[in-house]
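Dumped input_6.cif below, it's mmCIF, C-alpha atoms:
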data_query
#
loop_
_atom_site.group_PDB
_atom_site.id
_atom_site.type_symbol
_atom_site.label_atom_id
_atom_site.label_comp_id
_atom_site.auth_asym_id
_atom_site.auth_seq_id
_atom_site.Cartn_x
_atom_site.Cartn_y
_atom_site.Cartn_z
ATOM 1 C CA MET W 1175 56.291 -29.683 187.439
ATOM 2 C CA THR W 1176 52.838 -31.220 187.877
ATOM 3 C CA PRO W 1177 50.952 -31.099 191.186
ATOM 4 C CA HIS W 1178 51.685 -34.844 191.584
ATOM 5 C CA GLU W 1179 55.408 -34.070 191.647
ATOM 6 C CA MET W 1180 55.367 -30.959 193.835
ATOM 7 C CA PRO W 1181 56.637 -30.919 197.400
ATOM 8 C CA ASP W 1182 53.829 -29.904 199.757
ATOM 9 C CA GLU W 1183 55.243 -26.382 200.210
ATOM 10 C CA ASP W 1184 55.107 -25.786 196.439
ATOM 11 C CA LEU W 1185 51.694 -27.453 196.209
ATOM 12 C CA LEU W 1186 50.373 -25.102 198.895
ATOM 13 C CA ARG W 1187 51.549 -22.044 196.921
ATOM 14 C CA HIS W 1188 50.170 -23.522 193.677
ATOM 15 C CA ILE W 1189 46.731 -24.038 195.230
ATOM 16 C CA ALA W 1190 46.766 -20.583 196.858
ATOM 17 C CA ASP W 1191 47.411 -19.132 193.388
ATOM 18 C CA GLN W 1192 44.459 -21.110 191.997
ATOM 19 C CA GLU W 1193 42.212 -19.874 194.795
ATOM 20 C CA ALA W 1194 43.285 -16.276 194.147
ATOM 21 C CA ARG W 1195 42.647 -16.636 190.410
ATOM 22 C CA ILE W 1196 39.319 -18.505 190.415
ATOM 23 C CA VAL W 1197 36.980 -15.794 191.675
ATOM 24 C CA PHE W 1198 33.465 -15.238 190.328
ATOM 25 C CA ARG W 1199 31.624 -11.921 189.992
ATOM 26 C CA ASP W 1200 28.495 -13.818 191.057
ATOM 27 C CA PHE W 1201 27.416 -17.442 191.326
ATOM 28 C CA SER W 1202 23.778 -18.161 190.509
ATOM 29 C CA MET W 1203 21.840 -21.406 190.352
ATOM 30 C CA ALA W 1204 22.066 -21.175 186.567
ATOM 31 C CA ARG W 1205 25.864 -20.896 186.812
ATOM 32 C CA ALA W 1206 25.930 -23.904 189.159
ATOM 33 C CA LEU W 1207 24.042 -25.921 186.555
ATOM 34 C CA GLU W 1208 26.470 -24.871 183.811
ATOM 35 C CA VAL W 1209 29.504 -25.730 185.943
ATOM 36 C CA GLY W 1210 27.962 -29.022 187.052
ATOM 37 C CA GLN W 1211 27.119 -30.050 183.504
ATOM 38 C CA ALA W 1212 30.639 -29.138 182.342
ATOM 39 C CA LEU W 1213 32.152 -31.234 185.136
ATOM 40 C CA VAL W 1214 29.905 -34.174 184.275
ATOM 41 C CA ALA W 1215 30.764 -33.916 180.564
ATOM 42 C CA LYS W 1216 34.503 -33.819 181.280
ATOM 43 C CA ALA W 1217 34.269 -36.704 183.748
ATOM 44 C CA GLN W 1218 32.176 -38.794 181.344
ATOM 45 C CA ALA W 1219 34.666 -38.190 178.528
ATOM 46 C CA ALA W 1220 37.352 -39.657 180.802
ATOM 47 C CA ASN W 1221 35.094 -42.489 182.059
ATOM 48 C CA ALA W 1222 35.682 -41.158 185.567
ATOM 49 C CA PRO W 1223 33.550 -42.853 188.253
ATOM 50 C CA VAL W 1224 32.893 -39.702 190.268
ATOM 51 C CA VAL W 1225 30.315 -37.815 192.245
ATOM 52 C CA VAL W 1226 30.004 -34.124 191.338
ATOM 53 C CA ASP W 1227 28.511 -31.756 193.904
ATOM 54 C CA ILE W 1228 27.949 -28.004 194.005
ATOM 55 C CA THR W 1229 26.698 -26.501 197.245
ATOM 56 C CA ARG W 1230 26.059 -22.838 198.065
ATOM 57 C CA THR W 1231 25.547 -21.742 201.677
ATOM 58 C CA GLY W 1232 24.343 -25.179 202.668
ATOM 59 C CA GLN W 1233 21.983 -25.667 199.710
ATOM 60 C CA VAL W 1234 22.795 -28.370 197.167
ATOM 61 C CA LEU W 1235 22.563 -26.752 193.730
ATOM 62 C CA PHE W 1236 23.898 -29.682 191.697
ATOM 63 C CA HIS W 1237 24.645 -33.313 192.512
ATOM 64 C CA CYS W 1238 25.337 -36.165 190.127
ATOM 65 C CA ALA W 1239 26.820 -39.631 190.583
ATOM 66 C CA LEU W 1240 28.342 -41.090 187.432
ATOM 67 C CA GLU W 1241 28.603 -44.749 186.518
ATOM 68 C CA GLY W 1242 31.012 -46.523 188.846
ATOM 69 C CA ALA W 1243 30.738 -44.015 191.693
ATOM 70 C CA THR W 1244 29.843 -45.484 195.076
ATOM 71 C CA PRO W 1245 27.909 -44.277 198.113
ATOM 72 C CA ASP W 1246 31.307 -43.775 199.772
ATOM 73 C CA ASN W 1247 32.115 -41.080 197.199
ATOM 74 C CA ALA W 1248 29.040 -39.112 198.283
ATOM 75 C CA GLN W 1249 30.213 -39.351 201.900
ATOM 76 C CA TRP W 1250 33.686 -38.141 200.885
ATOM 77 C CA VAL W 1251 32.005 -35.122 199.240
ATOM 78 C CA ILE W 1252 30.332 -34.210 202.526
ATOM 79 C CA ARG W 1253 33.573 -34.586 204.507
ATOM 80 C CA LYS W 1254 35.609 -32.569 201.969
ATOM 81 C CA ASN W 1255 32.948 -29.829 201.880
ATOM 82 C CA ARG W 1256 33.123 -29.473 205.654
ATOM 83 C CA VAL W 1257 36.848 -28.732 205.367
ATOM 84 C CA VAL W 1258 36.257 -25.930 202.842
ATOM 85 C CA ASP W 1259 33.366 -24.548 204.896
ATOM 86 C CA ARG W 1260 35.529 -24.491 208.028
ATOM 87 C CA PHE W 1261 38.850 -23.225 206.638
ATOM 88 C CA ARG W 1262 37.836 -21.287 203.491
ATOM 89 C CA HIS W 1263 40.514 -23.124 201.479
ATOM 90 C CA SER W 1264 40.321 -26.125 199.186
ATOM 91 C CA SER W 1265 40.460 -29.535 200.820
ATOM 92 C CA LEU W 1266 43.730 -30.302 198.987
ATOM 93 C CA TYR W 1267 45.246 -27.086 200.368
ATOM 94 C CA MET W 1268 44.338 -28.106 203.902
ATOM 95 C CA GLY W 1269 45.761 -31.593 203.366
ATOM 96 C CA ALA W 1270 49.095 -30.116 202.262
ATOM 97 C CA PHE W 1271 48.977 -27.625 205.141
ATOM 98 C CA CYS W 1272 48.522 -30.445 207.660
ATOM 99 C CA ARG W 1273 51.264 -32.596 206.122
ATOM 100 C CA ILE W 1274 53.699 -29.663 206.301
ATOM 101 C CA ALA W 1275 52.755 -29.131 209.963
ATOM 102 C CA GLY W 1276 53.031 -32.873 210.650
ATOM 103 C CA VAL W 1277 49.524 -33.078 212.091
ATOM 104 C CA THR W 1278 46.027 -34.184 211.143
ATOM 105 C CA LEU W 1279 42.908 -32.034 211.338
ATOM 106 C CA GLU W 1280 41.919 -34.075 214.359
ATOM 107 C CA GLN W 1281 45.222 -33.477 216.143
ATOM 108 C CA LYS W 1282 45.408 -29.750 215.396
ATOM 109 C CA TYR W 1283 41.729 -28.719 215.417
ATOM 110 C CA MET W 1284 39.948 -31.628 217.146
ATOM 111 C CA LEU W 1285 37.976 -32.336 213.960
ATOM 112 C CA PRO W 1286 37.175 -36.046 213.647
ATOM 113 C CA ALA W 1287 38.319 -37.821 210.482
ATOM 114 C CA ASN W 1288 34.907 -39.430 210.065
ATOM 115 C CA ARG W 1289 33.430 -35.925 209.558
ATOM 116 C CA TYR W 1290 36.268 -33.935 207.915
ATOM 117 C CA ALA W 1291 38.515 -35.027 205.033
ATOM 118 C CA ALA W 1292 41.527 -32.915 204.094
ATOM 119 C CA HIS W 1293 41.815 -34.741 200.764
ATOM 120 C CA GLY W 1294 41.673 -33.062 197.383
ATOM 121 C CA GLY W 1295 38.455 -32.519 195.489
ATOM 122 C CA ALA W 1296 36.526 -29.716 197.220
ATOM 123 C CA PHE W 1297 37.229 -26.199 195.976
ATOM 124 C CA PRO W 1298 35.741 -22.988 197.384
ATOM 125 C CA ILE W 1299 33.291 -20.949 195.346
ATOM 126 C CA ILE W 1300 34.739 -17.482 195.867
ATOM 127 C CA VAL W 1301 32.692 -14.434 194.865
ATOM 128 C CA GLU W 1302 34.107 -10.901 194.615
ATOM 129 C CA GLY W 1303 33.048 -8.877 197.628
ATOM 130 C CA ALA W 1304 31.479 -11.869 199.379
ATOM 131 C CA GLY W 1305 34.299 -14.381 199.841
ATOM 132 C CA VAL W 1306 33.652 -18.111 200.055
ATOM 133 C CA ILE W 1307 29.977 -18.914 199.522
ATOM 134 C CA GLY W 1308 30.098 -22.633 198.795
ATOM 135 C CA THR W 1309 31.931 -25.555 197.266
ATOM 136 C CA VAL W 1310 32.437 -27.370 193.993
ATOM 137 C CA THR W 1311 33.454 -30.931 194.759
ATOM 138 C CA VAL W 1312 34.458 -34.099 192.939
ATOM 139 C CA SER W 1313 35.099 -37.462 194.584
ATOM 140 C CA GLY W 1314 36.076 -40.777 193.027
ATOM 141 C CA LEU W 1315 39.560 -40.258 191.595
ATOM 142 C CA PRO W 1316 42.899 -39.918 193.379
ATOM 143 C CA GLN W 1317 42.770 -36.676 195.359
ATOM 144 C CA ILE W 1318 44.971 -34.533 193.109
ATOM 145 C CA GLU W 1319 42.971 -35.661 190.069
ATOM 146 C CA ASP W 1320 39.698 -34.793 191.835
ATOM 147 C CA HIS W 1321 41.114 -31.335 192.581
ATOM 148 C CA GLU W 1322 42.514 -30.766 189.095
ATOM 149 C CA LEU W 1323 39.223 -31.789 187.447
ATOM 150 C CA VAL W 1324 37.389 -29.151 189.484
ATOM 151 C CA VAL W 1325 40.013 -26.466 188.836
ATOM 152 C CA SER W 1326 40.165 -27.172 185.097
ATOM 153 C CA VAL W 1327 36.413 -26.685 184.730
ATOM 154 C CA LEU W 1328 36.103 -23.697 187.076
ATOM 155 C CA SER W 1329 38.893 -21.968 185.151
ATOM 156 C CA GLU W 1330 36.672 -22.031 182.059
ATOM 157 C CA PHE W 1331 34.034 -19.925 183.857
ATOM 158 C CA VAL W 1332 36.079 -17.063 185.315
#

Take the structure in the file and write it out as structure tokens.
Amino acid sequence: MTPHEMPDEDLLRHIADQEARIVFRDFSMARALEVGQALVAKAQAANAPVVVDITRTGQVLFHCALEGATPDNAQWVIRKNRVVDRFRHSSLYMGAFCRIAGVTLEQKYMLPANRYAAHGGAFPIIVEGAGVIGTVTVSGLPQIEDHELVVSVLSEFV
């Protein structure tokens, strides 16, 4: 069953498994460049109009807007990143969590939708012994596709 077909409860477990599996020993600026370039190459091969962003502890390490991406995509990146920074889970995970609970981030946590987006595409950079130190984010495709693009590339590096 693909993530598109999964009920939210199964999707939540699937994403939790991804988060448990995609853990780095370290995450340097050089690694951010490699991951960013791999994401760009994969997105370009699919003619995906996306923004790719890698941020570590508030510092942008990589950011690229591909042909067809809009300024809105860059704003979605910021809103998705805030969700990961706040909850230490991917933005798709938090979206599924909220749907299961029947609430929005604003209703449950008083987080305004114009600043936080629980939509797929932002994935935590998790480092052994340190936990979540940043985000790898894609915006421009449907949310599950944004998420899966990030996961497919990160999986190549761990």

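Counting only C-alpha atoms and comparing W:Ala1304, W:Ile1228, W:Leu1240, W:Ala1248, the residue that lies closest to Lys1216 (chain W) is W:Leu1240.
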
Could you list, as a PyMOL selection string, every residue matched by the PyMOL selection byres ((chain W and resi 1256) around 12) in this structure?
chain W and resi 1229+1231-1232+1249-1255+1257-1265+1268+1279+1285-1293+1295-1298+1308-1311

Can you write out the residues you just picked, keeping C-alpha atoms, as an mmCIF file, in the frame of the given file?
data_model
loop_
_atom_site.group_PDB
_atom_site.id
_atom_site.type_symbol
_atom_site.label_atom_id
_atom_site.label_comp_id
_atom_site.auth_asym_id
_atom_site.auth_seq_id
_atom_site.Cartn_x
_atom_site.Cartn_y
_atom_site.Cartn_z
ATOM 1 C CA THR W 1229 26.698 -26.501 197.245
ATOM 2 C CA THR W 1231 25.547 -21.742 201.677
ATOM 3 C CA GLY W 1232 24.343 -25.179 202.668
ATOM 4 C CA GLN W 1249 30.213 -39.351 201.900
ATOM 5 C CA TRP W 1250 33.686 -38.141 200.885
ATOM 6 C CA VAL W 1251 32.005 -35.122 199.240
ATOM 7 C CA ILE W 1252 30.332 -34.210 202.526
ATOM 8 C CA ARG W 1253 33.573 -34.586 204.507
ATOM 9 C CA LYS W 1254 35.609 -32.569 201.969
ATOM 10 C CA ASN W 1255 32.948 -29.829 201.880
ATOM 11 C CA VAL W 1257 36.848 -28.732 205.367
ATOM 12 C CA VAL W 1258 36.257 -25.930 202.842
ATOM 13 C CA ASP W 1259 33.366 -24.548 204.896
ATOM 14 C CA ARG W 1260 35.529 -24.491 208.028
ATOM 15 C CA PHE W 1261 38.850 -23.225 206.638
ATOM 16 C CA ARG W 1262 37.836 -21.287 203.491
ATOM 17 C CA HIS W 1263 40.514 -23.124 201.479
ATOM 18 C CA SER W 1264 40.321 -26.125 199.186
ATOM 19 C CA SER W 1265 40.460 -29.535 200.820
ATOM 20 C CA MET W 1268 44.338 -28.106 203.902
ATOM 21 C CA LEU W 1279 42.908 -32.034 211.338
ATOM 22 C CA LEU W 1285 37.976 -32.336 213.960
ATOM 23 C CA PRO W 1286 37.175 -36.046 213.647
ATOM 24 C CA ALA W 1287 38.319 -37.821 210.482
ATOM 25 C CA ASN W 1288 34.907 -39.430 210.065
ATOM 26 C CA ARG W 1289 33.430 -35.925 209.558
ATOM 27 C CA TYR W 1290 36.268 -33.935 207.915
ATOM 28 C CA ALA W 1291 38.515 -35.027 205.033
ATOM 29 C CA ALA W 1292 41.527 -32.915 204.094
ATOM 30 C CA HIS W 1293 41.815 -34.741 200.764
ATOM 31 C CA GLY W 1295 38.455 -32.519 195.489
ATOM 32 C CA ALA W 1296 36.526 -29.716 197.220
ATOM 33 C CA PHE W 1297 37.229 -26.199 195.976
ATOM 34 C CA PRO W 1298 35.741 -22.988 197.384
ATOM 35 C CA GLY W 1308 30.098 -22.633 198.795
ATOM 36 C CA THR W 1309 31.931 -25.555 197.266
ATOM 37 C CA VAL W 1310 32.437 -27.370 193.993
ATOM 38 C CA THR W 1311 33.454 -30.931 194.759
#

Just to confirm, what's the straight-line distance from CA of Leu1323 (chain W) to CA of Glu1193 (chain W) in Å (one decimal)?
14.3 Å

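Residues in contact with Asp1320 (chain W) at 7 Å, where all atoms listed in the file are counted and same-chain residues fewer than 5 positions away are skipped, are listed as Gly1294, Gly1295, Val1312, Ser1313 and Leu1315 of chain W.
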
Contacts of Ser1329 (chain W) within 9 Å, all atoms listed in the file, excl. fewer than 6 positions in-chain, as a ChimeraX atom specification
/W:1192,1195-1196

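CA of Ala1215 (chain W) is positioned 19.9 Å from CA of Ser1202 (chain W).
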
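Separating CA of Gln1233 (chain W) from CA of Asn1247 (chain W) is a distance of 18.6 Å.
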
Which residues come within 12 Å of Met1180 (chain W), counting all atoms listed in the file, excluding same-chain residues fewer than 5 positions away, as number ranges by chain?
W: 1175, 1185-1189, 1270, 1318

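If all atoms listed in the file are the atoms counted, then among W:Glu1302, W:Pro1316, W:Pro1177, W:Ser1326 the closest residue to Val1197 (chain W) is W:Glu1302.
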
Please write the residues picked by the PyMOL selection byres ((chain W and resi 1303) around 10) on this file as a list of chain:residue names.
W:Val1197, W:Phe1198, W:Arg1199, W:Asp1200, W:Ile1300, W:Val1301, W:Glu1302, W:Ala1304, W:Gly1305, W:Val1306

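Across W:Ala1204, W:Val1324, W:Gly1276, W:Pro1223, the tightest approach to Asp1246 (chain W) is made by W:Pro1223 when counting all atoms listed in the file.
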
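The smallest atom-to-atom distance between Val1225 (chain W) and any of W:Gly1314, W:Arg1205, W:Glu1319, W:Thr1176, using all atoms listed in the file, is found for W:Gly1314.
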
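Take the candidates W:Val1327, W:Val1332, W:Ala1243, W:Ala1275 and check each one against Ala1212 (chain W) using all atoms listed in the file; the shortest distance goes to W:Val1327.
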